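The next block holds one structure in the form of structure tokens; read it before the comments.
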Amino acid sequence: MTTETTGLTAPSESAPTRAPRRRAIRLSELDLVTIDTEGGLSVLVRPRVPGVDLARWLKDNHERVERLLGERGAIRFQGFDVTTAAAFESVSSALSPELLNYVYGSTPRSREKGGVYTSTEYPPDQTIPQHNEMAYSTRWPMKLWFYCQYPAAAGGETPLADSRRVLRRIDPALRARFAERGVRYVRNYGGGLDLSWQRAFETDDRGEAERTFRDLGISYEWFDGGRLRTWQVCQAVVSHPVTGEAAWFNQAHLFHPSSLPAEVRESLLASSGEEDLPRNALYGDGTPIEESALEEVRAAFAAETVAEPWSAGEVLLIDNVLMSHGRRPYEGPRKVLVAMTDPNPVPGSPAAGGEHEESK
């Protein structure tokens, strides 16, 4: 096992791991944490002494944390005194000035405090497949923070998969087809089967929602009864803005009807037809995505997925482009909170935006 030690201010790579004998030292020179870079998919950081303030340590070691995150894609912080949503809010804002809202969200969540939300509120017996947060949009957070207030009695892991390695597992011809065409995401709100547009866009005001559509480049159409359809063409593959590495970055395999249980899919198609499904994914030019292609994508995720158990008070930081995440089923109470920071610097790729129609 390879570890690093560091104090409140990150030392140089050549700095000694302990102070020379019999020399007076300042608090900032104490070795406060260990950094394990070989213990698993993610980097593991633990305090060496009690009472280390994780938020302060992150601020004082900003460059080192960013370097490790860019190399590995995920960092776990275990054993620190993070016991409340307020403490987690301080930690998750330590590297970034602002927590992001979950506007244009695709799953049910509740705001816990400020920019801190509950993790997706799906029943505990359901699996949430691997995905990169908000990859169905041209705007997404670069960093995701998770905080386990208390783990489940069994299961409930947040598995990770390296998006760079997922990309390399997909057939080059299929990668090229997705990269060239992008993915068209279609969502229908108001049928009672998915999120309402009010919850997805965090407003009850139609005009405010339309301003968000225009800002994000989302096309939209209103129907009688307050029903709404949106569609947008987004990236399928992206290059990391710092490392330049290519990563698989879309949610076609989640939005496509093939992600539903067969009986649910058949029932929805019989009752509403494909055009009115709560959500769907097509190639960017509007042609259907082959189910065999999405099975290959799912297999690539499965081959790269690693699940590590949560511990109470643990904080997980992931680079949202380099690392996907999901959720395993669980038993017993479980509470995991989420915060998002650092919007992507360049809104991505082939967005078809701005067109709209009024009520039919």
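Identifiers for the structure tokens are assigned positionally: chains receive A, B, ... in sequence, residues are indexed from 1 per chain, and ligands are indexed from 1 in the order shown.
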Show me a table, sorted first by chain and then by increasing residue number, of the residues of stretch 136-194 of chain A having an atom at most 10 Å from stretch 105-124 of chain A, each with its shortest atom pair and the distance in Å to one decimal, counting only C-alpha atoms and written as a Markdown table.
```
| residue | atom | partner | partner_atom | distance |
| --- | --- | --- | --- | --- |
| A:Tyr136 | CA | A:Ser106 | CA | 9.0 |
| A:Ser137 | CA | A:Gly105 | CA | 9.6 |
| A:Trp145 | CA | A:Val116 | CA | 9.3 |
| A:Phe146 | CA | A:Ser119 | CA | 8.3 |
| A:Tyr147 | CA | A:Ser119 | CA | 9.4 |
| A:Cys148 | CA | A:Ser119 | CA | 9.9 |
| A:Ala152 | CA | A:Pro124 | CA | 9.7 |
| A:Gly155 | CA | A:Pro124 | CA | 9.4 |
| A:Gly156 | CA | A:Pro124 | CA | 7.9 |
| A:Arg187 | CA | A:Ser106 | CA | 9.4 |
| A:Asp194 | CA | A:Thr107 | CA | 8.3 |
```
Which stretch 36-126 of chain A residues have any atom within 12 Å of an atom of stretch 234-254 of chain A, and for each, what is the nearest pair of atoms with distance in Å to one decimal, counting only C-alpha atoms, rows sorted by chain and number, as a tab-separated table?
```
residue	atom	partner	partner_atom	distance
A:Glu66	CA	A:Val242	CA	10.2
A:Arg67	CA	A:Thr243	CA	10.0
A:Leu68	CA	A:Thr243	CA	11.8
A:Leu69	CA	A:Thr243	CA	10.6
A:Gly70	CA	A:Thr243	CA	6.9
A:Glu71	CA	A:Thr243	CA	8.4
A:Arg72	CA	A:Thr243	CA	11.3
A:Gly73	CA	A:Thr243	CA	11.0
A:Ser106	CA	A:Leu254	CA	10.5
A:Thr107	CA	A:Leu254	CA	11.5
```
Original post:
What does the distance between atom CA of A:Glu89 and atom CA of A:Leu337 come to in Å, to one decimal place?
Top reply: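 Distance between the two atoms: 9.8 Å.
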Original post:
So which residues of stretch 110-188 of chain A fall under alpha helix (DSSP H) by DSSP, listed as a list in words?
Top reply: Ser163, Arg164, Arg165, Val166, Leu167, Arg168, Arg169, Pro172, Ala173, Leu174, Arg175, Ala176, Arg177, Phe178, Ala179, Glu180 and Arg181 of chain A
Output of the above residues as a tab-separated table (two decimals), in the first residue's frame, restricted to N, CA and C atoms:
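Done, and the output landed in result-v2.tsv:
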```tsv
chain	number	residue	atom	x	y	z
A	163	SER	N	-15.15	6.34	-16.56
A	163	SER	CA	-15.77	6.62	-17.85
A	163	SER	C	-14.78	6.53	-19.00
A	164	ARG	N	-13.50	6.72	-18.73
A	164	ARG	CA	-12.48	6.56	-19.76
A	164	ARG	C	-12.35	5.10	-20.16
A	165	ARG	N	-12.38	4.23	-19.18
A	165	ARG	CA	-12.26	2.79	-19.45
A	165	ARG	C	-13.54	2.24	-20.08
A	166	VAL	N	-14.69	2.78	-19.68
A	166	VAL	CA	-15.96	2.38	-20.31
A	166	VAL	C	-15.90	2.71	-21.80
A	167	LEU	N	-15.45	3.91	-22.14
A	167	LEU	CA	-15.34	4.31	-23.55
A	167	LEU	C	-14.47	3.34	-24.33
A	168	ARG	N	-13.34	2.95	-23.75
A	168	ARG	CA	-12.41	2.07	-24.47
A	168	ARG	C	-12.99	0.67	-24.69
A	169	ARG	N	-13.95	0.26	-23.88
A	169	ARG	CA	-14.55	-1.06	-24.03
A	169	ARG	C	-15.59	-1.11	-25.16
A	172	PRO	N	-15.18	0.57	-31.51
A	172	PRO	CA	-14.83	1.86	-32.10
A	172	PRO	C	-15.87	2.40	-33.08
A	173	ALA	N	-16.50	1.53	-33.87
A	173	ALA	CA	-17.50	2.01	-34.81
A	173	ALA	C	-18.72	2.56	-34.08
A	174	LEU	N	-19.11	1.90	-32.98
A	174	LEU	CA	-20.24	2.40	-32.20
A	174	LEU	C	-19.88	3.70	-31.50
A	175	ARG	N	-18.67	3.78	-30.95
A	175	ARG	CA	-18.22	5.04	-30.35
A	175	ARG	C	-18.30	6.17	-31.35
A	176	ALA	N	-17.82	5.92	-32.56
A	176	ALA	CA	-17.79	6.97	-33.59
A	176	ALA	C	-19.21	7.39	-33.97
A	177	ARG	N	-20.12	6.43	-34.04
A	177	ARG	CA	-21.49	6.76	-34.42
A	177	ARG	C	-22.14	7.66	-33.36
A	178	PHE	N	-21.97	7.31	-32.10
A	178	PHE	CA	-22.52	8.14	-31.02
A	178	PHE	C	-21.85	9.51	-31.00
A	179	ALA	N	-20.52	9.54	-31.13
A	179	ALA	CA	-19.81	10.82	-31.06
A	179	ALA	C	-20.24	11.76	-32.18
A	180	GLU	N	-20.49	11.20	-33.37
A	180	GLU	CA	-20.87	12.02	-34.51
A	180	GLU	C	-22.31	12.53	-34.41
A	181	ARG	N	-23.21	11.66	-33.98
A	181	ARG	CA	-24.63	12.02	-33.99
A	181	ARG	C	-25.11	12.65	-32.69
```
**OP:** Mind giving me the straight-line distance from atom CA of A:Ala262 to atom CA of A:Asn188 in Å, one decimal?
**Re:** 20.1 Å
**OP:** With a distance cut-off of 12 Å and only C-alpha atoms, select the neighbouring residues of A:Pro97, excluding the residue or stretch itself and same-chain residues fewer than 6 positions from it, and output the selection as a PyMOL selection string.
**Re:** chain A and resi 59+89-91+115+340-343
Using N, CA and C atoms, can you write the selected residues to a file as a PDB file, in the first residue's frame?
```
ATOM      1  N   LYS A  59      -9.243  23.181   1.714  1.00  0.00           N
ATOM      2  CA  LYS A  59      -8.852  24.512   1.246  1.00  0.00           C
ATOM      3  C   LYS A  59      -7.336  24.661   1.217  1.00  0.00           C
ATOM      4  N   GLU A  89     -22.136  20.606   3.934  1.00  0.00           N
ATOM      5  CA  GLU A  89     -22.204  21.784   3.072  1.00  0.00           C
ATOM      6  C   GLU A  89     -20.881  22.551   3.113  1.00  0.00           C
ATOM      7  N   SER A  90     -20.282  22.675   4.286  1.00  0.00           N
ATOM      8  CA  SER A  90     -18.989  23.357   4.409  1.00  0.00           C
ATOM      9  C   SER A  90     -17.897  22.596   3.667  1.00  0.00           C
ATOM     10  N   VAL A  91     -17.915  21.282   3.778  1.00  0.00           N
ATOM     11  CA  VAL A  91     -16.907  20.467   3.101  1.00  0.00           C
ATOM     12  C   VAL A  91     -17.059  20.572   1.585  1.00  0.00           C
ATOM     13  N   GLY A 115     -27.585  24.093  -1.026  1.00  0.00           N
ATOM     14  CA  GLY A 115     -27.325  23.313  -2.224  1.00  0.00           C
ATOM     15  C   GLY A 115     -27.117  21.844  -1.944  1.00  0.00           C
ATOM     16  N   MET A 340     -23.509  19.388  -5.679  1.00  0.00           N
ATOM     17  CA  MET A 340     -22.893  19.518  -7.001  1.00  0.00           C
ATOM     18  C   MET A 340     -22.195  20.867  -7.099  1.00  0.00           C
ATOM     19  N   THR A 341     -21.007  20.889  -7.691  1.00  0.00           N
ATOM     20  CA  THR A 341     -20.264  22.138  -7.848  1.00  0.00           C
ATOM     21  C   THR A 341     -19.599  22.188  -9.219  1.00  0.00           C
ATOM     22  N   ASP A 342     -19.072  23.352  -9.582  1.00  0.00           N
ATOM     23  CA  ASP A 342     -18.244  23.541 -10.767  1.00  0.00           C
ATOM     24  C   ASP A 342     -18.961  23.197 -12.065  1.00  0.00           C
ATOM     25  N   PRO A 343     -19.818  24.091 -12.578  1.00  0.00           N
ATOM     26  CA  PRO A 343     -20.446  23.826 -13.876  1.00  0.00           C
ATOM     27  C   PRO A 343     -19.401  23.671 -14.962  1.00  0.00           C
TER      28      PRO A 343
END
```
Subject >> Using only C-alpha atoms: which of A:Glu296, A:Ser92, A:Asn320, A:Phe255 has the shortest distance to A:Asp171 >> reply: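 Closest residue, counting only C-alpha atoms: A:Glu296.
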Original post:
Which neighbours of A:Asp319 fall inside 6 Å, counting only C-alpha atoms, when residues of the same chain fewer than 4 positions from it are skipped, and could you give them as a VMD selection string?
Top reply: chain A and resid 73 142 to 143 323
Next, the residues of the selection above should be written as a PDB file, in the first residue's frame with N, CA and C atoms.
```pdb
ATOM      1  N   GLY A  73     -10.091  10.277 -10.455  1.00  0.00           N
ATOM      2  CA  GLY A  73     -11.514  10.467 -10.685  1.00  0.00           C
ATOM      3  C   GLY A  73     -12.380  10.394  -9.448  1.00  0.00           C
ATOM      4  N   MET A 142     -19.127  19.555 -12.717  1.00  0.00           N
ATOM      5  CA  MET A 142     -17.865  18.841 -12.873  1.00  0.00           C
ATOM      6  C   MET A 142     -17.527  18.018 -11.636  1.00  0.00           C
ATOM      7  N   LYS A 143     -17.982  18.466 -10.471  1.00  0.00           N
ATOM      8  CA  LYS A 143     -17.708  17.739  -9.228  1.00  0.00           C
ATOM      9  C   LYS A 143     -19.014  17.320  -8.571  1.00  0.00           C
ATOM     10  N   MET A 323     -15.769   9.788 -13.855  1.00  0.00           N
ATOM     11  CA  MET A 323     -16.302   8.673 -13.074  1.00  0.00           C
ATOM     12  C   MET A 323     -17.833   8.693 -13.070  1.00  0.00           C
TER      13      MET A 323
END
```
Original post:
Between A:Thr34, A:Ser292, A:Asn132, A:Thr158, which has the minimum distance to A:Trp310 (counting only C-alpha atoms)?
Top reply: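 The answer is A:Thr158, which sits nearest to A:Trp310.
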Original post:
Which of these, A:Asp285, A:Glu308, A:Glu295, A:Glu98, has the shortest distance to A:Gln232 once you count only C-alpha atoms?
Top reply: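 Closest to A:Gln232, using only C-alpha atoms: A:Asp285.
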Original post:
So which one's closest to A:Leu99, A:Glu275, A:Pro141, A:Ala307, A:Ala209? Using only C-alpha atoms, please.
Top reply: A:Pro141
**OP:** Calculate how many Å separate atom CA of A:His256 from atom CA of A:Arg279, rounding to one decimal.
**Re:**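 Interatomic distance, atom CA of A:His256 to atom CA of A:Arg279: 7.2 Å.
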